[in-house]
Every structure is written in C-alpha cells, then in structure tokens.
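*Asks:* Here's a structure for you.
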Amino acid sequence: MRDDEEAARGYIWHTTGSGKTMTSFKSAQLIANSKDADKVVFLLDRIELGTQTLLAYRDFAGDGNEVQATEHTGILVKKLKSTDPVDTLIVSSIQKMSRLKDEEDGLKAHDLDTMRAKRIVFIVDECHRSTFGDMLIDIKKSFSGAILFGFSGTPIHKENVRKDNTTTDVFGDELHRYSIADGIRDKNVLGFDPYQMLTYRDRDLRQAVALEKAKATTVTEALADTAKKKVFNRYMNDVPMAGYRDASGVYQKGIEDHLPNSQYRHAQHQDAVIDDMAANWETLSQGSKFHAIFATSSILEAITYYRLMKARCPALKITALFDPNISDEDGGCDPAFKTDGLVEILEDYNAAYGQKFDLGTHAKFKEDLAYRLAHKKAYIRIEAEPGKRLDLLIVVNQMLTGFDSKWVNTLYLDKLLEYENIIQAFSRTNRLFGPDKPFGSIRYYRKPHTMTRNVEAAVKLYSGDKPIGLFADRLPMNLERMNASFAEIDAIFSAAGIEDFTKLPDDLAARAAFAKEFNQFSAILEAAKIQGFSWEKSVYEFGEDPATRVQLALSQHHYLTLLQRYKELGGSGGGGGSEDIPFDIDSHITEIDTGKIDADYMNARFEKYLKVLQSGDQQAKEATLADLHRSFTSLSQEDQKIAEIFLRDIQRGDVQIDPCCTFHDYLSDYKAEAVNEKIAAIVSCLGLDPAKLIALMNTQLTESNLNEYGRFDDLRGTLDQQKAMAYFEGLEGKPLPMFRVNIKASNLLSDFLLRGGIELKTAS
C-alpha cells in the first residue's frame, strides 16, 4: 500500500448486476492476503443487507479465508482490536461503524487508540447512497488514517450533486468503470423497454394550465380578451410539456411543472393506471411467470392503490411494502390511516400465505416477501407452486435499490425519479433469465414527458454517454428486424435449391448458418410478442401524419415450418445422416409445441382440397393440391412421407372419407399403422415380446432413461437368438458369432426405441 493516501483511495463504478459483490470481495481478499492491511472492513449502508452479503462473502471465500460477522458494536470492537489473522476480513454496517467514536457514549480512548494503530481499509458498498451523511464523516474522523474505497453502480456526478459533493469528492478518483452500457453489450444484464403512458390527454392538460395562467374560466373568455388570449395561446402552442434548461442554464418550466401532485391522486388517473396494468398483465408477466414492482409516490397512494388493486384485480396476489415508522415516505399521510393500511396488508398476506406477521415483526414480513419474490430459501421451488407466488409488490422507495431477482421483469412507476434513482429502479428488472425475458419492461404514468426527459438524462450520465443498446428495439424496429432475418433464412434455403423450406440443406455450413439466423429471429420474435405482436395481424401501422406501415414478410405457417426444420437439426430427421451438428441448438426453441397450430392450418387446406376433388375443375384441383402440399412443410420428414402416402390413397380412391375426421386424424391413423408395421417387422426379425416393446415405446424415452429400472434389459431378455442370428447373417451374408449378434441386436433395438420406430434393412 502506498504512502500517498490520496493516490491509494478512490471508487469503482461497476453497474448494478455486473457482479459488484464478487469484485469487491476479491479486492478485499487480495488486500488482506497481501499483508498490506491489518483489517479489511466491508461496509454496507443497510443493516438488513449484512446477512445477505456475509453469506455471499463466505461463499466466495470457500475454505481459504475466514469472514467475520459483527452482530453488535461490541463484537465489531473486539474484531477490530484482535491480532488473530482470522479476524482480518470483517463485514459490518456503516451504522455500527459510525458509533465508534470518542465522545458522548463512544469508546474509551484506549480502545480507539488500539484500533487506530492498525492499518485499516474500508470498502464501502453502494457508496452513492449513505456516504453523504454524518455517519461517513464520523467514520473518517474516528479513523483518519484509514483508506476508503467505494463501489457503486450509480456514482454521484456534478449533474446530480448531493450536499455540494460528488462521489469523487468523497472517495477520490474513479479507478475503474464498467457502465450499464458495457454490461448490456457483454450480455451480463438486460436492456430496458420503457413506455411513456399518458393517463391524461396532453391537450386537456395544456388547456387547464393555459386557462389558469390566462386567469380565464373558459376558452371563449380567454380568446375574447387580447392579453388573456396571448397568454392562453402561449401555453397552448409554445410551452413544451416538460421543462428544460435554456442556453444560459436557467430552468424554463413546462406544462407538467404547473400540475399539482393532487392531479395524480384523482380517480381518473388512478383508474387509468390500473386499467393499463390489468390489460397488459398477462402479456408482460408471461402468464404470471414473472413478478412486478409498482412504485408509488407516497404511503397514502401505496395504500390507496393496494385497496383499488385488490378490488379490481382479485385474481392477482398483491402486497405492499413501506417504512412502518415515521419517515419521509409518509407524505402527510394520517398516522391512523397508515396503521390501518399496514394491519390490512399484513392480515391479507397472512391469510394468503399462512403466515403470522404483525406490526412488531414487520422486518420479518419484508424478509419473507423478498425471498418470495427472489425464489430463494424456502421458496426456491415456488415456480411450481402458484399458490405461494407473489404477483405484484407495491412500494414507495423500498426494494428499488439493492434487491435482486431474475423473476422480476416489469416495473410500474407512478412517481417521478431522477438520475441514479432511475437507473437503480429500472435495474430491478434487468437480471438475466432466458428467452421469456428479453428485456426489463418499464411503464411510467406520472408527468410522463418529464419522466422521459429524466430517463434520457440518466441514460446519458450512467451509460458513459454510450447509450447504444441500452433500450430494447420498439415493435416497428423489431418487425423490420424479423423481416430482415427471414430474408437471410430464405436466402440460405434458396441457395441450397430448396423451395418452401421443405427440408434442411444437406451442407453442414448452410445448416449452421440457418441455426444461427433462426436463433436471432426467435429472440426478436420473443421481444415482439411482449410488445404486442400477434401472428393474427400481418400489417402494422404506427404513429400518425403520416403513419409508419410495416408489412410482415412471413406468415405463421412459414415460422412453424422453419421451427420444424430447426427441431430437425438436433437429430436425423433432416435427412442428412447422423453427423454431429457443429453448432449449438437452443433447447427453449426446440421445446415450443406447435401441434395445434399446425393442425388447424393443414385441416383448413385439406377441407378445401376435398371440396374441389369432386369437381371437374382440374386447374382448381392442382392449385389446392399444391397448397396442401406446401402445408406439409411444417411436418417432420417422416410425417411428410406418410402424408404423401395418404394423399396418393385418396387419389386412387382407397380411402373412404369421413366428414367427422380431420386431416390430422387420418395422419395419426396412418402413422400408427406405419409404426405397427415397423413393430411387427422387428418382432418378426428378433423374436421380441411385442407387449413389452409397445409398453416401452409408449414412454418418454431418452438415452439416459432407456434402461431405467432395468426395463431395456428386460425387453432384450425376450430376444430369440436364433431368429436374430438368421436376420443379421442374412444382412451380412456370412456367419456371425453369437456375441456379435447380441451387440448388433442391442444397438438396433435401442435405435428403434429412441427414434420411435425405424424401417428395418432387408437382405440384398
């Protein structure tokens, strides 16, 4: 450690969700192991975070280092005075640390002198939050020789200065930066999809403000007077909705600056907020798979919204969290109203989840709902238990910083935020999850134009002025990207001479290119669905005067066909043999069930074909037959062959058409018949027990569970060795030893089972 204290201190700007805790621990560990410090103290700004960080530190440390907890100030003093090497790494709160001072109820001078004599390094977590108050001043005063390092995802800059200080003023120079733009670029966190939601029409707000400023009660009155008319028209036409700073740095008010806070406590506004949340809940939550946070402006509004949401959305599991003590969150809330609200919230929570929380155990209530939202501790498997899940958490300020859950994907805001508070709040939604969560969704309702301005300012400040990729593409852009991606896929198949995507290209390089492009297409599609895309609509218009028009270049049938080809990449269904595919397959995409949609599409074309089949119009027959053939492209290669056989039977008159049967009914019958023929063939060749074979085929078989409970060995035990020998010797054209026959029979049988039946080879 260098003697130059100023050179050795500073702060690290690492965006929320980028692994700050791990980085800070590694820093502390390296300092401790270097023997350049006697004590490395990791300071948290909230007592309740101590346990969480202590557990994380101990996980990171493994067996190599001891990490000491400080349950109360006495233990903290003991650990700081200790000369035992195991007491080098300490986790404490800034509140406890600030109490170590030599005045009033502080420490004895001897204790302080003993601690001050040690070389102490403080690492302050989330140093943008509480380090501008008296507690850090007390710590610096008590331990003037200590060195402080800060970690923050949103350091304080001159644009959002606090108490005339920035993070640089308090901690020193910025030592390293990894901004939110860097995290999104590296795919360590998700981008955001923010929406400005208007609960009042801009024109109505303008008119209300313009009339007030013109001192008129009606538009007619305002326009009848020259002076009033000038003021009225200025606010109607010239004043922007959001305020701004002019060239000289003077703030010029916008229309929204003239709106009182009471404007957003009207039923019209609150009903519009709830209507929007209810209308979009299913899509944004992905069928209640994900959870949401709703931030309000005061405790009064949090309780009001809680009661409204309970009445309007009874199917949703909702609770609310705010400071139960007297605090800045109260916003003039009547203490009795607040207490009644707290009791109601706790009683509802207890009834919903079988708990016993009360006002005295509110901290435990907060801990329980935090674990519930994060799917941790007792709720680690809550995804499979819908009754235990929490859909929506209403807050004022709590949980908008420091809380991490990949299961939260949406933030609703009915409050104004600025700079670091915007980035911190938005970042509750941007933890990585998977394809169902392509971004964090944000919807803000209060003074929406002002919030849009604030979001732009926060993004500029905390992206390092590199906002590229910070926000998800909007639906118009995503539709254009889908079209472009489809054109690339179409070009791959066209270059291979394949029409209508009927099969995979034979060339592995072409397959790899298709896999890569389809992965990208699917990611865009997932994002577009959350933004309102539906296959039922092929033309989209956005904006007005003039409207932007986007025509989708592909249909749902095209997508389903390509999805089937993609699924075939993982096996031999593409007709390209059993070579290994030299690229990754996204398992989420291959698991998508398309059966119902495929069936509807083909049934409609089959019915149309049957109608024209009896007519004498040959041209119509050929057109509808070609259309039906094209619908087969969404089937697997094996099913396409069976469908063609069925069609030939119809054309030969070998099928008696039943109007109650669909195309898929016939296809299923033909497939079953084909499988039965394959079963009969292998039973005949190997002499197997047909009942055991069919029973095993009717289970979901994989290589890993094929011989579960010895069932494959049991089936193999029914093999007729003489029949098997005759079959394989016939194929080989030479005698075979029995051990080789057994190996060949076992390989053939496992292949037959895993592929759902195969055609057996016959002797030449």
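Labels for the structure tokens follow display order: chains A, B, ..., residues from 1 in each chain, ligands from 1.
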Excluding A:Met482 and its own-chain neighbours fewer than 3 positions away, which residues fall within 10 Å of it when counting only C-alpha atoms? Please give them as number ranges by chain.

*Replies:* A: 476-479, 485-488, 520-525, 528, 552-554

*Asks:* Output N, CA and C atoms of each residue in that selection to a file, as a short mmCIF file (atom, residue, chain, number, x, y, z; two decimals), in the first residue's frame.

*Replies:*
data_model
loop_
_atom_site.label_atom_id
_atom_site.label_comp_id
_atom_site.auth_asym_id
_atom_site.auth_seq_id
_atom_site.Cartn_x
_atom_site.Cartn_y
_atom_site.Cartn_z
N PRO A 476 -42.00 -1.49 -34.07
CA PRO A 476 -41.75 -1.26 -35.50
C PRO A 476 -40.36 -1.75 -35.94
N MET A 477 -39.35 -1.45 -35.14
CA MET A 477 -37.99 -1.88 -35.48
C MET A 477 -37.88 -3.40 -35.40
N ASN A 478 -38.51 -4.00 -34.40
CA ASN A 478 -38.44 -5.46 -34.28
C ASN A 478 -39.13 -6.16 -35.44
N LEU A 479 -40.21 -5.60 -35.94
CA LEU A 479 -40.87 -6.18 -37.12
C LEU A 479 -39.96 -6.09 -38.35
N SER A 485 -34.34 -10.80 -40.96
CA SER A 485 -33.85 -12.12 -40.57
C SER A 485 -34.47 -13.21 -41.43
N PHE A 486 -35.76 -13.07 -41.71
CA PHE A 486 -36.44 -14.06 -42.56
C PHE A 486 -35.84 -14.05 -43.97
N ALA A 487 -35.50 -12.86 -44.47
CA ALA A 487 -34.89 -12.78 -45.81
C ALA A 487 -33.55 -13.52 -45.84
N GLU A 488 -32.77 -13.42 -44.75
CA GLU A 488 -31.50 -14.14 -44.67
C GLU A 488 -31.73 -15.65 -44.67
N GLN A 520 -31.46 -15.95 -33.79
CA GLN A 520 -31.63 -14.50 -33.73
C GLN A 520 -33.09 -14.12 -34.00
N PHE A 521 -33.68 -14.77 -35.02
CA PHE A 521 -35.09 -14.49 -35.35
C PHE A 521 -35.98 -14.77 -34.14
N SER A 522 -35.74 -15.88 -33.46
CA SER A 522 -36.57 -16.27 -32.32
C SER A 522 -36.45 -15.28 -31.17
N ALA A 523 -35.24 -14.76 -30.95
CA ALA A 523 -35.05 -13.76 -29.89
C ALA A 523 -35.84 -12.48 -30.21
N ILE A 524 -35.81 -12.07 -31.47
CA ILE A 524 -36.58 -10.88 -31.88
C ILE A 524 -38.07 -11.13 -31.72
N LEU A 525 -38.51 -12.33 -32.11
CA LEU A 525 -39.92 -12.70 -32.00
C LEU A 525 -40.40 -12.66 -30.55
N ALA A 528 -40.88 -9.09 -29.60
CA ALA A 528 -42.03 -8.50 -30.29
C ALA A 528 -43.35 -8.96 -29.66
N LEU A 552 -45.49 -7.54 -42.57
CA LEU A 552 -44.69 -8.70 -42.20
C LEU A 552 -44.44 -9.56 -43.43
N ALA A 553 -43.19 -9.97 -43.61
CA ALA A 553 -42.81 -10.70 -44.83
C ALA A 553 -43.07 -12.20 -44.73
N LEU A 554 -43.47 -12.68 -43.57
CA LEU A 554 -43.71 -14.11 -43.41
C LEU A 554 -45.00 -14.35 -42.65
#

*Asks:* Skip stretch 447-455 of chain A itself and residues of its chain fewer than 6 positions away, then list as a PDB file with N, CA and C atoms, in the first residue's frame all residues within 7 Å of it, counting only C-alpha atoms.

*Replies:*
ATOM      1  N   GLN A 196     -43.814   5.450 -22.079  1.00  0.00           N
ATOM      2  CA  GLN A 196     -44.439   6.641 -21.524  1.00  0.00           C
ATOM      3  C   GLN A 196     -45.953   6.457 -21.656  1.00  0.00           C
ATOM      4  N   MET A 197     -46.651   6.322 -20.529  1.00  0.00           N
ATOM      5  CA  MET A 197     -48.088   6.055 -20.555  1.00  0.00           C
ATOM      6  C   MET A 197     -48.851   7.322 -20.151  1.00  0.00           C
ATOM      7  N   LEU A 198     -49.693   7.820 -21.037  1.00  0.00           N
ATOM      8  CA  LEU A 198     -50.448   9.045 -20.778  1.00  0.00           C
ATOM      9  C   LEU A 198     -51.816   8.712 -20.193  1.00  0.00           C
ATOM     10  N   MET A 241     -44.242  20.333 -22.990  1.00  0.00           N
ATOM     11  CA  MET A 241     -44.852  19.573 -21.900  1.00  0.00           C
ATOM     12  C   MET A 241     -43.877  19.411 -20.730  1.00  0.00           C
ATOM     13  N   ALA A 242     -42.592  19.174 -21.037  1.00  0.00           N
ATOM     14  CA  ALA A 242     -41.576  19.026 -19.979  1.00  0.00           C
ATOM     15  C   ALA A 242     -40.690  20.258 -19.956  1.00  0.00           C
ATOM     16  N   GLU A 256     -46.115  20.333 -17.493  1.00  0.00           N
ATOM     17  CA  GLU A 256     -46.231  19.407 -16.362  1.00  0.00           C
ATOM     18  C   GLU A 256     -45.702  19.992 -15.062  1.00  0.00           C
ATOM     19  N   LEU A 416     -42.134  10.372  -9.812  1.00  0.00           N
ATOM     20  CA  LEU A 416     -41.028  10.965 -10.566  1.00  0.00           C
ATOM     21  C   LEU A 416     -39.702  10.523  -9.966  1.00  0.00           C
ATOM     22  N   GLU A 418     -35.193  10.654 -10.731  1.00  0.00           N
ATOM     23  CA  GLU A 418     -34.125  11.324 -11.470  1.00  0.00           C
ATOM     24  C   GLU A 418     -32.830  10.533 -11.357  1.00  0.00           C
ATOM     25  N   TYR A 419     -31.979  10.696 -12.332  1.00  0.00           N
ATOM     26  CA  TYR A 419     -30.596  10.216 -12.361  1.00  0.00           C
ATOM     27  C   TYR A 419     -30.399   8.833 -11.753  1.00  0.00           C
ATOM     28  N   ILE A 422     -33.351   6.537 -11.118  1.00  0.00           N
ATOM     29  CA  ILE A 422     -33.944   5.916 -12.309  1.00  0.00           C
ATOM     30  C   ILE A 422     -33.192   4.642 -12.672  1.00  0.00           C
TER      31      ILE A 422
END

*Asks:* How would you write, as a list of chain:residue names, the set of residues in stretch 191-364 of chain A that DSSP gives as strand (DSSP E)?

*Replies:* A:Phe192, A:Asp193, A:Pro194, A:Tyr195, A:Gln196, A:Tyr244, A:Arg245, A:Tyr251, A:Gln252, A:His291, A:Ala292, A:Ile293, A:Phe294, A:Ala295, A:Thr296, A:Ile318, A:Thr319, A:Ala320, A:Leu321

*Asks:* Calculated over only C-alpha atoms, which of the candidates A:Phe337, A:Phe290, A:Tyr412, A:Tyr666 has the smallest distance to A:Asp391?

*Replies:*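 Of all the options, A:Phe290 lies closest to A:Asp391.
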
*Asks:* Would you return as number ranges by chain the members of stretch 167-309 of chain A that DSSP assigns to helix (DSSP H, G or I) on this structure's backbone?

*Replies:* A: 167-171, 180-185, 202-213, 219-224, 226-238, 255-258, 261-265, 267-284, 299-309

*Asks:* Save out the residues we just selected, C-alpha atoms, as an mmCIF file, in the first residue's frame.

*Replies:*
data_model
loop_
_atom_site.group_PDB
_atom_site.id
_atom_site.type_symbol
_atom_site.label_atom_id
_atom_site.label_comp_id
_atom_site.auth_asym_id
_atom_site.auth_seq_id
_atom_site.Cartn_x
_atom_site.Cartn_y
_atom_site.Cartn_z
ATOM 1 C CA THR A 167 -18.543 10.576 -5.277
ATOM 2 C CA THR A 168 -15.129 11.768 -6.478
ATOM 3 C CA ASP A 169 -15.095 14.462 -3.773
ATOM 4 C CA VAL A 170 -15.802 11.873 -1.077
ATOM 5 C CA PHE A 171 -13.731 8.888 -2.248
ATOM 6 C CA ILE A 180 -24.615 -0.242 -17.684
ATOM 7 C CA ALA A 181 -23.966 0.121 -21.416
ATOM 8 C CA ASP A 182 -20.911 -2.142 -21.028
ATOM 9 C CA GLY A 183 -22.957 -4.706 -19.070
ATOM 10 C CA ILE A 184 -25.684 -4.827 -21.723
ATOM 11 C CA ARG A 185 -23.136 -5.038 -24.532
ATOM 12 C CA ASP A 202 -51.767 16.431 -23.464
ATOM 13 C CA ARG A 203 -54.259 18.866 -24.983
ATOM 14 C CA ASP A 204 -56.524 18.683 -21.931
ATOM 15 C CA LEU A 205 -53.607 19.387 -19.575
ATOM 16 C CA ARG A 206 -52.395 22.248 -21.768
ATOM 17 C CA GLN A 207 -55.851 23.813 -21.776
ATOM 18 C CA ALA A 208 -56.240 23.531 -18.000
ATOM 19 C CA VAL A 209 -52.849 25.203 -17.404
ATOM 20 C CA ALA A 210 -53.430 27.804 -20.138
ATOM 21 C CA LEU A 211 -56.794 28.849 -18.655
ATOM 22 C CA GLU A 212 -55.286 29.119 -15.181
ATOM 23 C CA LYS A 213 -52.364 31.243 -16.410
ATOM 24 C CA VAL A 219 -61.728 29.166 -23.770
ATOM 25 C CA THR A 220 -64.260 31.706 -25.064
ATOM 26 C CA GLU A 221 -63.373 34.075 -22.231
ATOM 27 C CA ALA A 222 -59.639 33.633 -22.835
ATOM 28 C CA LEU A 223 -59.913 34.363 -26.576
ATOM 29 C CA ALA A 224 -62.175 37.369 -26.101
ATOM 30 C CA THR A 226 -56.275 40.332 -26.136
ATOM 31 C CA ALA A 227 -53.980 39.979 -23.100
ATOM 32 C CA LYS A 228 -55.589 36.750 -21.945
ATOM 33 C CA LYS A 229 -55.527 35.367 -25.488
ATOM 34 C CA LYS A 230 -51.755 35.937 -25.755
ATOM 35 C CA VAL A 231 -51.087 34.070 -22.512
ATOM 36 C CA PHE A 232 -53.560 31.325 -23.387
ATOM 37 C CA ASN A 233 -52.085 30.679 -26.841
ATOM 38 C CA ARG A 234 -48.523 30.685 -25.475
ATOM 39 C CA TYR A 235 -49.316 27.805 -23.124
ATOM 40 C CA MET A 236 -51.391 26.012 -25.746
ATOM 41 C CA ASN A 237 -48.790 26.227 -28.519
ATOM 42 C CA ASP A 238 -45.323 27.253 -27.346
ATOM 43 C CA ILE A 255 -46.762 22.333 -18.745
ATOM 44 C CA GLU A 256 -46.231 19.407 -16.362
ATOM 45 C CA ASP A 257 -44.338 21.639 -13.923
ATOM 46 C CA HIS A 258 -47.567 23.573 -13.363
ATOM 47 C CA ASN A 261 -49.364 16.492 -7.191
ATOM 48 C CA SER A 262 -53.068 16.225 -6.385
ATOM 49 C CA GLN A 263 -53.670 15.967 -10.153
ATOM 50 C CA TYR A 264 -52.366 12.406 -9.938
ATOM 51 C CA ARG A 265 -54.456 11.461 -6.946
ATOM 52 C CA ALA A 267 -59.696 8.677 -9.600
ATOM 53 C CA GLN A 268 -59.397 9.305 -13.365
ATOM 54 C CA HIS A 269 -55.620 8.927 -13.220
ATOM 55 C CA GLN A 270 -55.510 6.033 -10.768
ATOM 56 C CA ASP A 271 -58.201 4.104 -12.673
ATOM 57 C CA ALA A 272 -56.280 4.596 -15.920
ATOM 58 C CA VAL A 273 -53.091 3.247 -14.290
ATOM 59 C CA ILE A 274 -54.882 0.144 -13.004
ATOM 60 C CA ASP A 275 -56.663 -0.367 -16.354
ATOM 61 C CA ASP A 276 -53.307 -0.372 -18.149
ATOM 62 C CA MET A 277 -51.724 -2.770 -15.665
ATOM 63 C CA ALA A 278 -54.685 -5.160 -15.827
ATOM 64 C CA ALA A 279 -54.914 -5.057 -19.636
ATOM 65 C CA ASN A 280 -51.236 -5.887 -20.104
ATOM 66 C CA TRP A 281 -50.642 -8.158 -17.123
ATOM 67 C CA GLU A 282 -50.937 -11.488 -18.927
ATOM 68 C CA THR A 283 -48.507 -10.483 -21.683
ATOM 69 C CA LEU A 284 -45.939 -8.662 -19.562
ATOM 70 C CA ILE A 299 -47.569 5.806 1.570
ATOM 71 C CA LEU A 300 -51.022 7.358 1.162
ATOM 72 C CA GLU A 301 -51.015 6.430 -2.526
ATOM 73 C CA ALA A 302 -49.470 2.988 -1.905
ATOM 74 C CA ILE A 303 -52.330 2.070 0.464
ATOM 75 C CA THR A 304 -54.921 3.574 -1.890
ATOM 76 C CA TYR A 305 -53.574 1.640 -4.877
ATOM 77 C CA TYR A 306 -53.358 -1.533 -2.765
ATOM 78 C CA ARG A 307 -57.055 -1.332 -1.969
ATOM 79 C CA LEU A 308 -58.028 -0.439 -5.540
ATOM 80 C CA MET A 309 -55.941 -3.268 -6.998
#
